[in-house]
$ cat data18.cif   # mmCIF, C-alpha atoms
data_target
#
loop_
_atom_site.label_atom_id
_atom_site.label_comp_id
_atom_site.auth_asym_id
_atom_site.auth_seq_id
_atom_site.Cartn_x
_atom_site.Cartn_y
_atom_site.Cartn_z
CA MET A 1000 134.51 143.28 25.57
CA LYS A 1001 137.80 144.56 26.89
CA ILE A 1002 140.79 143.56 24.77
CA PRO A 1003 144.01 142.95 26.73
CA VAL A 1004 146.92 144.71 25.02
CA ILE A 1005 150.52 143.62 25.40
CA ARG A 1006 153.11 146.31 24.73
CA ARG A 1007 156.55 147.45 25.91
CA ILE A 1008 158.34 144.73 24.02
CA LEU A 1009 160.84 147.08 22.50
CA GLU A 1010 161.21 148.92 25.78
CA SER A 1011 163.44 146.25 27.26
CA ASN A 1012 165.61 146.48 24.12
CA GLU A 1013 165.85 150.24 24.57
CA GLU A 1014 166.78 149.96 28.25
CA LYS A 1015 169.64 147.65 27.36
CA ALA A 1016 170.62 150.01 24.52
CA GLN A 1017 170.77 152.89 27.00
CA GLU A 1018 172.99 150.85 29.30
CA LEU A 1019 175.34 150.19 26.38
CA GLN A 1020 175.30 153.82 25.34
CA ASP A 1021 176.26 154.93 28.86
CA PHE A 1022 179.12 152.44 28.82
CA PHE A 1023 180.39 153.64 25.43
CA GLU A 1024 180.10 157.26 26.55
CA ALA A 1025 182.00 156.62 29.80
CA ASN A 1026 184.75 154.88 27.85
CA GLY A 1027 184.92 157.38 25.00
CA ILE A 1028 184.11 154.86 22.29
CA VAL A 1029 182.43 155.92 19.04
CA VAL A 1030 179.95 153.21 18.00
CA LEU A 1031 178.53 153.13 14.48
CA ASN A 1032 175.76 150.82 13.35
CA LEU A 1033 176.14 150.04 9.62
CA ILE A 1034 172.91 149.09 7.90
CA SER A 1035 172.21 148.20 4.27
CA SER A 1036 170.81 145.61 1.90
CA PRO A 1037 172.91 142.52 1.35
CA GLY A 1038 175.69 143.24 -1.11
CA ALA A 1039 175.79 147.01 -0.69
CA GLY A 1040 179.44 146.76 0.29
CA LYS A 1041 179.57 147.02 4.10
CA THR A 1042 182.38 144.50 4.56
CA THR A 1043 184.56 145.91 1.78
CA LEU A 1044 184.02 149.40 3.18
CA LEU A 1045 185.10 148.20 6.61
CA GLU A 1046 188.19 146.39 5.33
CA LYS A 1047 189.40 149.52 3.53
CA THR A 1048 188.55 151.72 6.52
CA LEU A 1049 190.37 149.51 9.01
CA ASN A 1050 193.44 149.39 6.78
CA ALA A 1051 193.40 153.17 6.28
CA LEU A 1052 193.01 154.08 9.97
CA ARG A 1053 194.88 151.30 11.77
CA ASP A 1054 197.77 153.59 12.77
CA GLU A 1055 195.44 156.32 14.04
CA PHE A 1056 192.80 154.47 16.04
CA ASN A 1057 192.06 151.37 18.02
CA MET A 1058 189.07 149.76 16.31
CA ALA A 1059 186.92 146.69 16.75
CA VAL A 1060 184.16 145.15 14.65
CA ILE A 1061 181.00 143.32 15.67
CA GLU A 1062 179.87 141.29 12.66
CA GLY A 1063 176.20 140.39 12.42
CA ASP A 1064 175.13 137.62 10.05
CA ILE A 1065 172.25 135.21 9.98
CA GLN A 1066 174.73 132.42 9.33
CA THR A 1067 178.42 131.93 8.44
CA THR A 1068 181.54 133.63 9.75
CA ALA A 1069 182.90 134.54 6.33
CA ASP A 1070 182.67 138.32 6.85
CA ALA A 1071 184.23 138.14 10.31
CA GLU A 1072 187.16 136.23 8.85
CA ARG A 1073 187.70 138.95 6.24
CA ILE A 1074 187.61 141.58 8.99
CA ALA A 1075 189.87 139.68 11.40
CA ARG A 1076 192.52 139.55 8.66
CA CYS A 1077 192.73 143.35 9.01
CA GLY A 1078 194.18 142.72 12.47
CA VAL A 1079 191.37 144.18 14.60
CA GLN A 1080 189.33 142.58 17.37
CA THR A 1081 186.30 140.93 15.77
CA VAL A 1082 183.27 139.29 17.31
CA GLN A 1083 180.80 137.38 15.18
CA ILE A 1084 177.11 137.28 16.01
CA ASN A 1085 175.23 134.55 14.14
CA THR A 1086 171.58 135.35 14.62
CA GLU A 1087 170.45 131.97 13.24
CA GLY A 1088 167.44 133.43 11.51
CA ALA A 1089 166.82 136.68 13.34
CA CYS A 1090 166.62 139.52 10.87
CA HIS A 1091 168.37 142.22 12.91
CA LEU A 1092 170.75 142.73 15.83
CA ASP A 1093 169.25 143.81 19.13
CA SER A 1094 170.91 145.36 22.15
CA TYR A 1095 171.10 142.07 24.05
CA MET A 1096 173.15 140.51 21.26
CA ILE A 1097 175.44 143.56 21.18
CA TYR A 1098 175.82 143.41 24.95
CA ARG A 1099 177.02 139.82 24.73
CA ALA A 1100 179.41 140.75 21.93
CA VAL A 1101 180.86 143.74 23.81
CA GLU A 1102 181.58 141.44 26.76
CA LYS A 1103 183.95 139.53 24.45
CA LEU A 1104 185.92 142.65 23.49
CA SER A 1105 188.72 144.19 25.44
CA THR A 1106 187.33 147.72 25.37
CA GLU A 1107 190.16 149.58 27.08
CA HIS A 1108 191.75 152.13 24.71
CA LEU A 1109 189.17 151.42 21.99
CA ASP A 1110 188.27 154.42 19.84
CA ILE A 1111 185.69 153.00 17.45
CA ILE A 1112 183.42 149.98 17.32
CA PHE A 1113 181.82 149.27 13.97
CA ILE A 1114 178.70 147.13 14.09
CA GLU A 1115 177.97 145.48 10.75
CA ASN A 1116 174.28 144.71 11.05
CA VAL A 1117 172.47 141.85 9.28
CA GLY A 1118 171.95 142.69 5.60
CA ASN A 1119 168.38 143.99 5.68
CA LEU A 1120 167.04 147.44 4.89
CA VAL A 1121 163.95 147.06 7.04
CA CYS A 1122 164.19 145.51 10.51
CA PRO A 1123 167.59 146.70 11.78
CA ALA A 1124 166.42 150.31 11.47
CA GLU A 1125 163.91 149.78 14.31
CA PHE A 1126 166.36 148.48 16.89
CA LYS A 1127 168.67 150.73 18.87
CA VAL A 1128 171.86 149.03 20.00
CA GLY A 1129 173.52 151.83 21.98
CA GLU A 1130 175.18 153.34 18.93
CA ASP A 1131 176.21 156.97 18.39
CA GLY A 1132 174.56 156.78 15.03
CA LYS A 1133 173.32 154.60 12.25
CA VAL A 1134 175.27 154.72 8.99
CA ALA A 1135 173.09 153.78 6.04
CA LEU A 1136 174.80 152.35 2.99
CA LEU A 1137 173.02 152.57 -0.34
CA SER A 1138 174.81 151.24 -3.40
CA VAL A 1139 174.16 152.51 -6.90
CA PRO A 1140 173.12 149.12 -8.39
CA GLU A 1141 170.29 148.80 -5.83
CA GLY A 1142 168.42 151.64 -7.49
CA ASP A 1143 167.47 155.18 -6.58
CA ASP A 1144 164.00 154.25 -5.32
CA LYS A 1145 165.14 152.70 -2.05
CA PRO A 1146 164.79 155.76 0.23
CA GLU A 1147 161.16 156.13 -0.85
CA LYS A 1148 160.47 152.43 -0.37
CA TYR A 1149 162.29 152.04 2.96
CA PRO A 1150 162.10 155.49 4.55
CA LEU A 1151 162.72 154.52 8.18
CA LEU A 1152 166.43 153.82 7.85
CA PHE A 1153 167.03 157.06 5.97
CA SER A 1154 165.03 159.03 8.55
CA GLU A 1155 167.04 157.52 11.40
CA ALA A 1156 170.54 157.58 9.95
CA LYS A 1157 173.23 160.09 10.91
CA LEU A 1158 175.17 159.51 7.71
CA LEU A 1159 174.26 158.12 4.30
CA LEU A 1160 177.07 156.58 2.28
CA ILE A 1161 176.20 156.24 -1.38
CA ASN A 1162 178.56 153.47 -2.44
CA LYS A 1163 179.73 152.11 -5.81
CA ILE A 1164 179.57 155.53 -7.49
CA ASP A 1165 182.11 154.17 -10.01
CA LEU A 1166 179.09 152.42 -11.56
CA LEU A 1167 177.09 155.62 -12.10
CA PRO A 1168 178.04 155.88 -15.82
CA TYR A 1169 176.62 152.40 -16.47
CA LEU A 1170 173.37 152.53 -14.55
CA GLU A 1171 170.35 154.76 -14.28
CA PHE A 1172 170.62 156.20 -10.82
CA ASP A 1173 169.41 159.71 -10.15
CA LEU A 1174 171.72 161.06 -7.43
CA GLU A 1175 169.87 164.36 -7.18
CA LYS A 1176 166.57 162.59 -6.67
CA VAL A 1177 168.03 160.44 -3.89
CA GLU A 1178 169.50 163.48 -2.15
CA LYS A 1179 166.22 165.35 -2.42
CA VAL A 1180 164.18 162.44 -1.05
CA VAL A 1181 166.49 161.69 1.88
CA ARG A 1182 166.79 165.37 2.84
CA GLY A 1183 163.01 165.50 2.83
CA LEU A 1184 162.95 162.57 5.24
CA ASN A 1185 165.87 163.78 7.34
CA PRO A 1186 167.08 167.36 6.88
CA SER A 1187 170.19 166.88 9.07
CA LEU A 1188 171.40 163.72 7.29
CA GLU A 1189 174.99 163.95 6.09
CA ILE A 1190 175.78 162.35 2.72
CA VAL A 1191 179.07 161.04 1.41
CA LYS A 1192 179.38 159.60 -2.10
CA LEU A 1193 182.16 157.11 -2.57
CA SER A 1194 183.43 153.97 -4.16
CA ALA A 1195 185.02 151.61 -1.66
CA ARG A 1196 186.49 149.78 -4.64
CA THR A 1197 188.21 152.67 -6.46
CA GLY A 1198 188.75 154.87 -3.39
CA GLU A 1199 186.90 157.85 -4.87
CA GLY A 1200 185.31 159.91 -2.08
CA PHE A 1201 186.86 157.67 0.56
CA GLU A 1202 188.86 160.46 2.22
CA GLU A 1203 185.63 162.30 3.00
CA TRP A 1204 184.33 159.25 4.90
CA LEU A 1205 187.60 158.97 6.83
CA SER A 1206 187.40 162.68 7.77
CA TRP A 1207 183.85 162.13 8.99
CA LEU A 1208 185.09 159.29 11.22
CA ARG A 1209 187.99 161.37 12.56
CA LYS A 1210 185.53 164.12 13.50
CA ARG A 1211 183.39 161.65 15.44
CA VAL A 1212 186.41 160.50 17.45
CA GLU A 1213 187.47 164.12 18.15
CA GLU A 1214 183.97 165.01 19.31
CA LYS A 1215 183.92 162.03 21.64
CA ARG A 1216 187.31 162.90 23.13
CA SER A 1217 186.47 166.56 23.74
CA MET B 527 193.30 135.36 15.62
CA LYS B 528 190.41 133.47 17.15
CA ILE B 529 187.02 135.07 16.46
CA PRO B 530 184.48 134.70 19.28
CA VAL B 531 181.14 133.61 17.85
CA ILE B 532 177.83 134.27 19.58
CA ARG B 533 175.02 131.91 18.62
CA ARG B 534 171.96 130.22 20.13
CA ILE B 535 169.90 133.36 19.98
CA LEU B 536 166.95 131.67 18.38
CA GLU B 537 167.37 128.66 20.63
CA SER B 538 165.76 130.39 23.58
CA ASN B 539 162.84 131.29 21.30
CA GLU B 540 162.52 127.65 20.29
CA GLU B 541 162.63 126.41 23.88
CA LYS B 542 159.76 128.71 24.77
CA ALA B 543 157.92 127.62 21.61
CA GLN B 544 158.29 123.99 22.68
CA GLU B 545 156.87 124.83 26.10
CA LEU B 546 153.86 126.45 24.41
CA GLN B 547 153.42 123.52 22.05
CA ASP B 548 153.38 121.08 24.97
CA PHE B 549 150.74 123.20 26.67
CA PHE B 550 148.56 123.37 23.55
CA GLU B 551 148.95 119.62 23.03
CA ALA B 552 148.00 118.81 26.62
CA ASN B 553 144.93 121.03 26.33
CA GLY B 554 143.87 119.86 22.87
CA ILE B 555 144.09 123.29 21.28
CA VAL B 556 144.79 123.71 17.57
CA VAL B 557 147.03 126.73 17.06
CA LEU B 558 147.49 128.29 13.64
CA ASN B 559 149.98 131.03 12.83
CA LEU B 560 148.65 133.19 9.96
CA ILE B 561 151.36 134.93 7.97
CA SER B 562 151.11 137.21 4.95
CA SER B 563 151.98 140.60 3.53
CA PRO B 564 149.97 143.54 4.81
CA GLY B 565 146.61 143.71 3.09
CA ALA B 566 146.41 140.07 1.99
CA GLY B 567 143.17 139.72 3.92
CA LYS B 568 144.06 137.97 7.20
CA THR B 569 141.62 139.94 9.35
CA THR B 570 138.71 139.60 6.94
CA LEU B 571 139.40 135.88 6.63
CA LEU B 572 139.34 135.57 10.41
CA GLU B 573 136.13 137.56 10.82
CA LYS B 574 134.31 135.33 8.32
CA THR B 575 135.80 132.19 9.84
CA LEU B 576 134.83 133.11 13.40
CA ASN B 577 131.30 133.93 12.30
CA ALA B 578 130.99 130.66 10.36
CA LEU B 579 132.30 128.40 13.12
CA ARG B 580 131.13 130.13 16.31
CA ASP B 581 128.49 127.48 17.05
CA GLU B 582 130.90 124.59 16.46
CA PHE B 583 134.08 125.63 18.23
CA ASN B 584 135.50 127.75 21.02
CA MET B 585 138.00 130.04 19.37
CA ALA B 586 140.36 132.82 20.40
CA VAL B 587 142.55 135.22 18.45
CA ILE B 588 145.95 136.68 19.24
CA GLU B 589 146.34 139.78 17.10
CA GLY B 590 149.86 140.93 16.28
CA ASP B 591 150.41 144.44 14.99
CA ILE B 592 153.31 146.85 15.12
CA GLN B 593 150.88 149.51 16.31
CA THR B 594 147.13 150.13 16.69
CA THR B 595 144.39 147.88 18.01
CA ALA B 596 142.12 148.31 14.99
CA ASP B 597 142.29 144.66 13.90
CA ALA B 598 141.72 143.35 17.43
CA GLU B 599 138.61 145.51 17.68
CA ARG B 600 137.24 144.02 14.45
CA ILE B 601 137.93 140.52 15.79
CA ALA B 602 136.48 141.19 19.26
CA ARG B 603 133.22 142.24 17.61
CA CYS B 604 132.90 138.61 16.46
CA GLY B 605 132.45 137.73 20.14
CA VAL B 606 135.63 135.72 20.69
CA GLN B 607 138.42 136.19 23.21
CA THR B 608 141.00 138.51 21.66
CA VAL B 609 144.43 139.58 22.87
CA GLN B 610 146.33 142.32 21.10
CA ILE B 611 150.12 142.29 20.90
CA ASN B 612 151.57 145.64 19.83
CA THR B 613 155.18 144.93 18.97
CA GLU B 614 156.07 148.64 18.78
CA GLY B 615 158.43 148.16 15.89
CA ALA B 616 159.33 144.49 16.04
CA CYS B 617 158.71 142.85 12.69
CA HIS B 618 157.43 139.48 13.89
CA LEU B 619 155.90 137.74 16.88
CA ASP B 620 158.15 135.52 18.97
CA SER B 621 157.27 132.81 21.44
CA TYR B 622 157.77 135.05 24.47
CA MET B 623 155.14 137.46 23.18
CA ILE B 624 152.75 134.59 22.51
CA TYR B 625 153.39 133.21 25.98
CA ARG B 626 152.37 136.51 27.54
CA ALA B 627 149.28 136.63 25.33
CA VAL B 628 148.22 133.07 26.17
CA GLU B 629 148.44 133.97 29.86
CA LYS B 630 145.65 136.50 29.23
CA LEU B 631 143.32 133.91 27.66
CA SER B 632 141.04 131.56 29.49
CA THR B 633 142.17 128.43 27.66
CA GLU B 634 139.81 125.88 29.20
CA HIS B 635 137.52 124.40 26.51
CA LEU B 636 139.32 126.28 23.73
CA ASP B 637 139.44 124.44 20.40
CA ILE B 638 141.38 126.83 18.18
CA ILE B 639 143.70 129.78 18.67
CA PHE B 640 144.38 131.85 15.57
CA ILE B 641 147.54 133.93 15.72
CA GLU B 642 147.45 136.81 13.25
CA ASN B 643 151.12 137.61 12.83
CA VAL B 644 152.54 141.03 11.94
CA GLY B 645 152.01 141.76 8.23
CA ASN B 646 155.39 140.73 6.84
CA LEU B 647 156.30 137.97 4.41
CA VAL B 648 159.87 137.63 5.64
CA CYS B 649 160.65 137.67 9.36
CA PRO B 650 157.64 135.88 10.90
CA ALA B 651 158.49 132.76 8.91
CA GLU B 652 161.67 132.26 10.96
CA PHE B 653 160.09 132.28 14.39
CA LYS B 654 158.26 129.31 15.85
CA VAL B 655 155.58 130.25 18.34
CA GLY B 656 154.37 126.79 19.41
CA GLU B 657 151.87 126.52 16.56
CA ASP B 658 150.54 123.35 14.92
CA GLY B 659 151.25 124.95 11.63
CA LYS B 660 151.82 128.13 9.70
CA VAL B 661 149.07 129.20 7.33
CA ALA B 662 150.43 131.36 4.52
CA LEU B 663 148.05 133.78 2.86
CA LEU B 664 148.87 135.00 -0.63
CA SER B 665 146.41 137.33 -2.32
CA VAL B 666 146.05 137.59 -6.08
CA PRO B 667 146.83 141.34 -6.33
CA GLU B 668 150.24 140.80 -4.70
CA GLY B 669 151.45 138.96 -7.78
CA ASP B 670 152.41 135.40 -8.62
CA ASP B 671 156.13 135.97 -8.07
CA LYS B 672 155.99 136.02 -4.27
CA PRO B 673 156.77 132.33 -3.57
CA GLU B 674 159.96 132.62 -5.62
CA LYS B 675 160.94 135.86 -3.92
CA TYR B 676 160.11 134.78 -0.36
CA PRO B 677 160.53 131.00 -0.38
CA LEU B 678 160.95 130.41 3.36
CA LEU B 679 157.33 130.98 4.33
CA PHE B 680 156.07 128.72 1.55
CA SER B 681 158.58 126.01 2.51
CA GLU B 682 157.48 126.16 6.13
CA ALA B 683 153.71 126.48 5.76
CA LYS B 684 151.25 123.64 6.32
CA LEU B 685 148.54 125.34 4.25
CA LEU B 686 148.59 128.00 1.57
CA LEU B 687 145.45 130.07 1.16
CA ILE B 688 145.33 131.87 -2.16
CA ASN B 689 142.94 134.70 -1.37
CA LYS B 690 140.99 137.21 -3.47
CA ILE B 691 140.50 134.77 -6.36
CA ASP B 692 137.46 136.84 -7.37
CA LEU B 693 140.05 139.24 -8.82
CA LEU B 694 141.66 136.64 -11.11
CA PRO B 695 139.75 137.81 -14.22
CA TYR B 696 141.12 141.33 -13.81
CA LEU B 697 144.75 140.64 -13.01
CA GLU B 698 147.62 138.67 -14.46
CA PHE B 699 148.20 135.97 -11.91
CA ASP B 700 149.35 132.56 -13.03
CA LEU B 701 147.77 130.10 -10.56
CA GLU B 702 149.44 127.09 -12.15
CA LYS B 703 152.85 128.69 -11.88
CA VAL B 704 152.30 129.48 -8.20
CA GLU B 705 151.17 125.92 -7.48
CA LYS B 706 154.16 124.51 -9.33
CA VAL B 707 156.64 126.74 -7.51
CA VAL B 708 155.24 126.14 -4.02
CA ARG B 709 154.99 122.37 -4.57
CA GLY B 710 158.65 122.47 -5.63
CA LEU B 711 159.49 124.22 -2.36
CA ASN B 712 157.18 122.10 -0.23
CA PRO B 713 155.69 118.91 -1.74
CA SER B 714 153.30 118.31 1.19
CA LEU B 715 151.85 121.85 1.20
CA GLU B 716 148.06 121.92 1.02
CA ILE B 717 146.50 124.67 -1.09
CA VAL B 718 143.04 126.21 -0.85
CA LYS B 719 141.90 128.90 -3.28
CA LEU B 720 139.22 131.20 -1.96
CA SER B 721 137.76 134.63 -1.80
CA ALA B 722 137.03 135.71 1.77
CA ARG B 723 134.92 138.49 0.28
CA THR B 724 132.62 136.48 -2.01
CA GLY B 725 132.77 133.21 -0.06
CA GLU B 726 134.00 131.16 -3.03
CA GLY B 727 136.16 128.27 -1.81
CA PHE B 728 135.51 129.17 1.79
CA GLU B 729 133.86 125.86 2.69
CA GLU B 730 137.09 124.04 1.79
CA TRP B 731 139.02 126.16 4.32
CA LEU B 732 136.39 125.46 6.99
CA SER B 733 136.63 121.72 6.28
CA TRP B 734 140.39 121.92 6.64
CA LEU B 735 139.95 123.57 10.04
CA ARG B 736 137.40 120.98 11.17
CA LYS B 737 139.87 118.22 10.26
CA ARG B 738 142.59 119.84 12.36
CA VAL B 739 140.27 119.93 15.39
CA GLU B 740 139.23 116.29 14.85
CA GLU B 741 142.87 115.20 14.59
CA LYS B 742 143.68 117.02 17.81
CA ARG B 743 140.79 115.45 19.66
CA SER B 744 141.57 111.90 18.55
#
$ encode --input "data18.cif" --output "structure tokens"
Amino acid sequence: MKIPVIRRILESNEEKAQELQDFFEANGIVVLNLISSPGAGKTTLLEKTLNALRDEFNMAVIEGDIQTTADAERIARCGVQTVQINTEGACHLDSYMIYRAVEKLSTEHLDIIFIENVGNLVCPAEFKVGEDGKVALLSVPEGDDKPEKYPLLFSEAKLLLINKIDLLPYLEFDLEKVEKVVRGLNPSLEIVKLSARTGEGFEEWLSWLRKRVEEKRS
Amino acid sequence: MKIPVIRRILESNEEKAQELQDFFEANGIVVLNLISSPGAGKTTLLEKTLNALRDEFNMAVIEGDIQTTADAERIARCGVQTVQINTEGACHLDSYMIYRAVEKLSTEHLDIIFIENVGNLVCPAEFKVGEDGKVALLSVPEGDDKPEKYPLLFSEAKLLLINKIDLLPYLEFDLEKVEKVVRGLNPSLEIVKLSARTGEGFEEWLSWLRKRVEEKRS
């Protein structure tokens, strides 16, 4: 018996992602797709980043949440263009959602778009959305076993931010182990350790962002 | 600042699901959406079910997997119509995928379609696919904490199959606790305890299926 097989479901997502990527490239916009578990600190990181770089760059944020607009409201208070995507159950953002969000932005003169994906370490890692790179956020209280348990995100990411390092003295979290595991998964992964709360390591993250904008302009 | 909000993403999935449901209703087909973690025993359950009921009912299976056609091959050997959906990364089946799969089936005289969803306790629970009901499978080795950790599936399911009960003597699994938790989430949930391997409790599952077909015919 011949079994019919249905495939190419993700292909249409990837075609749309390519269309977005071409648009971002043509307009010189750096697009970063932030992915983490819920509570790893994506929104706080973004607030501090927007406040630190507001005089240097034009930035916008696409906020993905299953429900609520609470995060988008926090971001909009930083004075940047913000679009909220409420997925109403869907566990990740796809390129069609991002396309509809980008249509709402005035993209002229934009330098950076941050996409805050739905809080989920699993599904968002599969879906390209036209980004320059995925930025994985892993926070110390989540535990040092996450890269082994959810390898895809760490294999795919361009940058790993290890957040909440101010809590290292109070928790068992083996930084060296994490670095070894993620480098095994992804030898070219860059790693920045920081605390969005205390500001420790934050300058390194800002420098990384400045480099991305320079690269895009050159 | 006004924040644009993009919603109604799942709505188009639900419209398509409604279209499917109307079609299944008009054609008297019982459609069950099987959801569990990987390895809970969905394919083995289906093989035994198809073999037990092949002389009573016309059945078909839509097999969802991220990759491979191994499960569909096992099912096709039972002599029923089988369609494989390879999601290529997507973490759940949606109603568009099911629509394309149903197009490949000859649906005349069909009594039951089993949909074996992608092995994932989280995302498939959100997506309606036109089914009469979701059947949750929880296997004893997975642990008795799963309904508390992943409540949505257990809230949504019509039937809970607790599988691999032949392993109860060897593992710590508190059946009473599970039943109490799931009934708290979903007072009308039916529960069948079985072992697809040894056959214990299997007749109760078959009776449940026969009742669904009778209801649909009447």
$ residues_around --input "data18.cif" --residues "Leu647 (chain B)" --least-positions-apart "3" --cutoff "9 Å" --atoms "all atoms listed in the file" --output "list in words"
Ile561, Ser562, Ser563, Pro564, Val644, Pro650, Ala651, Ala662, Lys672, Tyr676, Leu678 and Leu679 of chain B
$ interface_residues --input "data18.cif" --of "chain A" --to "chain B" --cutoff "7 Å" --atoms "only C-alpha atoms" --output "NGL selection string"
:A and (1000 or 1002-1006 or 1008-1009 or 1075 or 1081-1088 or 1090 or 1122 or 1125)
$ residues_around --input "data18.cif" --residues "region 1039-1052 of chain A" --least-positions-apart "6" --cutoff "8 Å" --atoms "all atoms listed in the file" --output "count of residues only"
16
$ atom_distance --input "data18.cif" --atom1 "CA of Ala683 (chain B)" --atom2 "CA of Gly659 (chain B)"
6.5 Å
$ atom_distance --input "data18.cif" --atom1 "CA of Leu711 (chain B)" --atom2 "CA of Leu558 (chain B)"
20.4 Å
$ residues_around --input "data18.cif" --residues "Lys1179 (chain A)" --least-positions-apart "3" --cutoff "12 Å" --atoms "only C-alpha atoms" --output "ChimeraX atom specification"
/A:1143-1144,1146-1147,1153,1173-1176,1182-1186,1188,1190
$ atom_distance --input "data18.cif" --atom1 "CA of Phe1056 (chain A)" --atom2 "CA of Asp1110 (chain A)"
5.9 Å
$ closest_residue --input "data18.cif" --among "A:Glu1018, A:Thr1106, A:Leu1158, A:Glu1130" --to "Glu1203 (chain A)" --atoms "only C-alpha atoms"
A:Leu1158
$ decode --input "data18.cif" --residues "region 686-692 of chain B" --atoms "all heavy atoms" --output "PDB file, in the first residue's frame"
ATOM      1  N   LEU B 686      -9.260  10.148  28.717  1.00  0.00           N
ATOM      2  CA  LEU B 686      -7.859   9.951  29.099  1.00  0.00           C
ATOM      3  C   LEU B 686      -7.582   8.461  29.129  1.00  0.00           C
ATOM      4  O   LEU B 686      -8.259   7.706  29.842  1.00  0.00           O
ATOM      5  CB  LEU B 686      -7.588  10.555  30.487  1.00  0.00           C
ATOM      6  CG  LEU B 686      -6.249  10.183  31.137  1.00  0.00           C
ATOM      7  CD1 LEU B 686      -5.060  10.638  30.288  1.00  0.00           C
ATOM      8  CD2 LEU B 686      -6.142  10.755  32.550  1.00  0.00           C
ATOM      9  N   LEU B 687      -6.598   8.043  28.350  1.00  0.00           N
ATOM     10  CA  LEU B 687      -6.135   6.660  28.423  1.00  0.00           C
ATOM     11  C   LEU B 687      -4.865   6.646  29.259  1.00  0.00           C
ATOM     12  O   LEU B 687      -3.882   7.319  28.913  1.00  0.00           O
ATOM     13  CB  LEU B 687      -5.820   6.129  27.019  1.00  0.00           C
ATOM     14  CG  LEU B 687      -7.011   6.012  26.056  1.00  0.00           C
ATOM     15  CD1 LEU B 687      -6.523   5.556  24.684  1.00  0.00           C
ATOM     16  CD2 LEU B 687      -8.054   5.033  26.602  1.00  0.00           C
ATOM     17  N   ILE B 688      -4.902   5.911  30.362  1.00  0.00           N
ATOM     18  CA  ILE B 688      -3.670   5.734  31.142  1.00  0.00           C
ATOM     19  C   ILE B 688      -3.065   4.416  30.679  1.00  0.00           C
ATOM     20  O   ILE B 688      -3.611   3.338  30.947  1.00  0.00           O
ATOM     21  CB  ILE B 688      -3.948   5.764  32.657  1.00  0.00           C
ATOM     22  CG1 ILE B 688      -4.627   7.103  33.026  1.00  0.00           C
ATOM     23  CG2 ILE B 688      -2.653   5.584  33.438  1.00  0.00           C
ATOM     24  CD1 ILE B 688      -4.941   7.264  34.506  1.00  0.00           C
ATOM     25  N   ASN B 689      -1.981   4.514  29.956  1.00  0.00           N
ATOM     26  CA  ASN B 689      -1.388   3.357  29.274  1.00  0.00           C
ATOM     27  C   ASN B 689      -0.211   2.778  30.068  1.00  0.00           C
ATOM     28  O   ASN B 689       0.337   3.435  30.943  1.00  0.00           O
ATOM     29  CB  ASN B 689      -0.935   3.790  27.862  1.00  0.00           C
ATOM     30  CG  ASN B 689      -0.584   2.596  26.973  1.00  0.00           C
ATOM     31  OD1 ASN B 689      -1.025   1.466  27.195  1.00  0.00           O
ATOM     32  ND2 ASN B 689       0.228   2.844  25.954  1.00  0.00           N
ATOM     33  N   LYS B 690       0.143   1.563  29.718  1.00  0.00           N
ATOM     34  CA  LYS B 690       1.283   0.842  30.330  1.00  0.00           C
ATOM     35  C   LYS B 690       1.042   0.559  31.816  1.00  0.00           C
ATOM     36  O   LYS B 690       1.963   0.627  32.633  1.00  0.00           O
ATOM     37  CB  LYS B 690       2.604   1.613  30.119  1.00  0.00           C
ATOM     38  CG  LYS B 690       2.861   1.978  28.650  1.00  0.00           C
ATOM     39  CD  LYS B 690       4.267   2.492  28.384  1.00  0.00           C
ATOM     40  CE  LYS B 690       4.375   3.038  26.952  1.00  0.00           C
ATOM     41  NZ  LYS B 690       5.700   3.567  26.614  1.00  0.00           N
ATOM     42  N   ILE B 691      -0.226   0.232  32.160  1.00  0.00           N
ATOM     43  CA  ILE B 691      -0.509  -0.044  33.578  1.00  0.00           C
ATOM     44  C   ILE B 691       0.132  -1.344  34.039  1.00  0.00           C
ATOM     45  O   ILE B 691       0.222  -1.610  35.232  1.00  0.00           O
ATOM     46  CB  ILE B 691      -2.027  -0.074  33.890  1.00  0.00           C
ATOM     47  CG1 ILE B 691      -2.756  -1.090  32.989  1.00  0.00           C
ATOM     48  CG2 ILE B 691      -2.659   1.306  33.789  1.00  0.00           C
ATOM     49  CD1 ILE B 691      -4.156  -1.414  33.472  1.00  0.00           C
ATOM     50  N   ASP B 692       0.614  -2.175  33.090  1.00  0.00           N
ATOM     51  CA  ASP B 692       1.365  -3.370  33.493  1.00  0.00           C
ATOM     52  C   ASP B 692       2.657  -2.993  34.223  1.00  0.00           C
ATOM     53  O   ASP B 692       3.252  -3.822  34.899  1.00  0.00           O
ATOM     54  CB  ASP B 692       1.676  -4.246  32.264  1.00  0.00           C
ATOM     55  CG  ASP B 692       2.360  -3.483  31.139  1.00  0.00           C
ATOM     56  OD1 ASP B 692       1.851  -2.402  30.738  1.00  0.00           O
ATOM     57  OD2 ASP B 692       3.406  -3.946  30.659  1.00  0.00           O
TER      58      ASP B 692
END
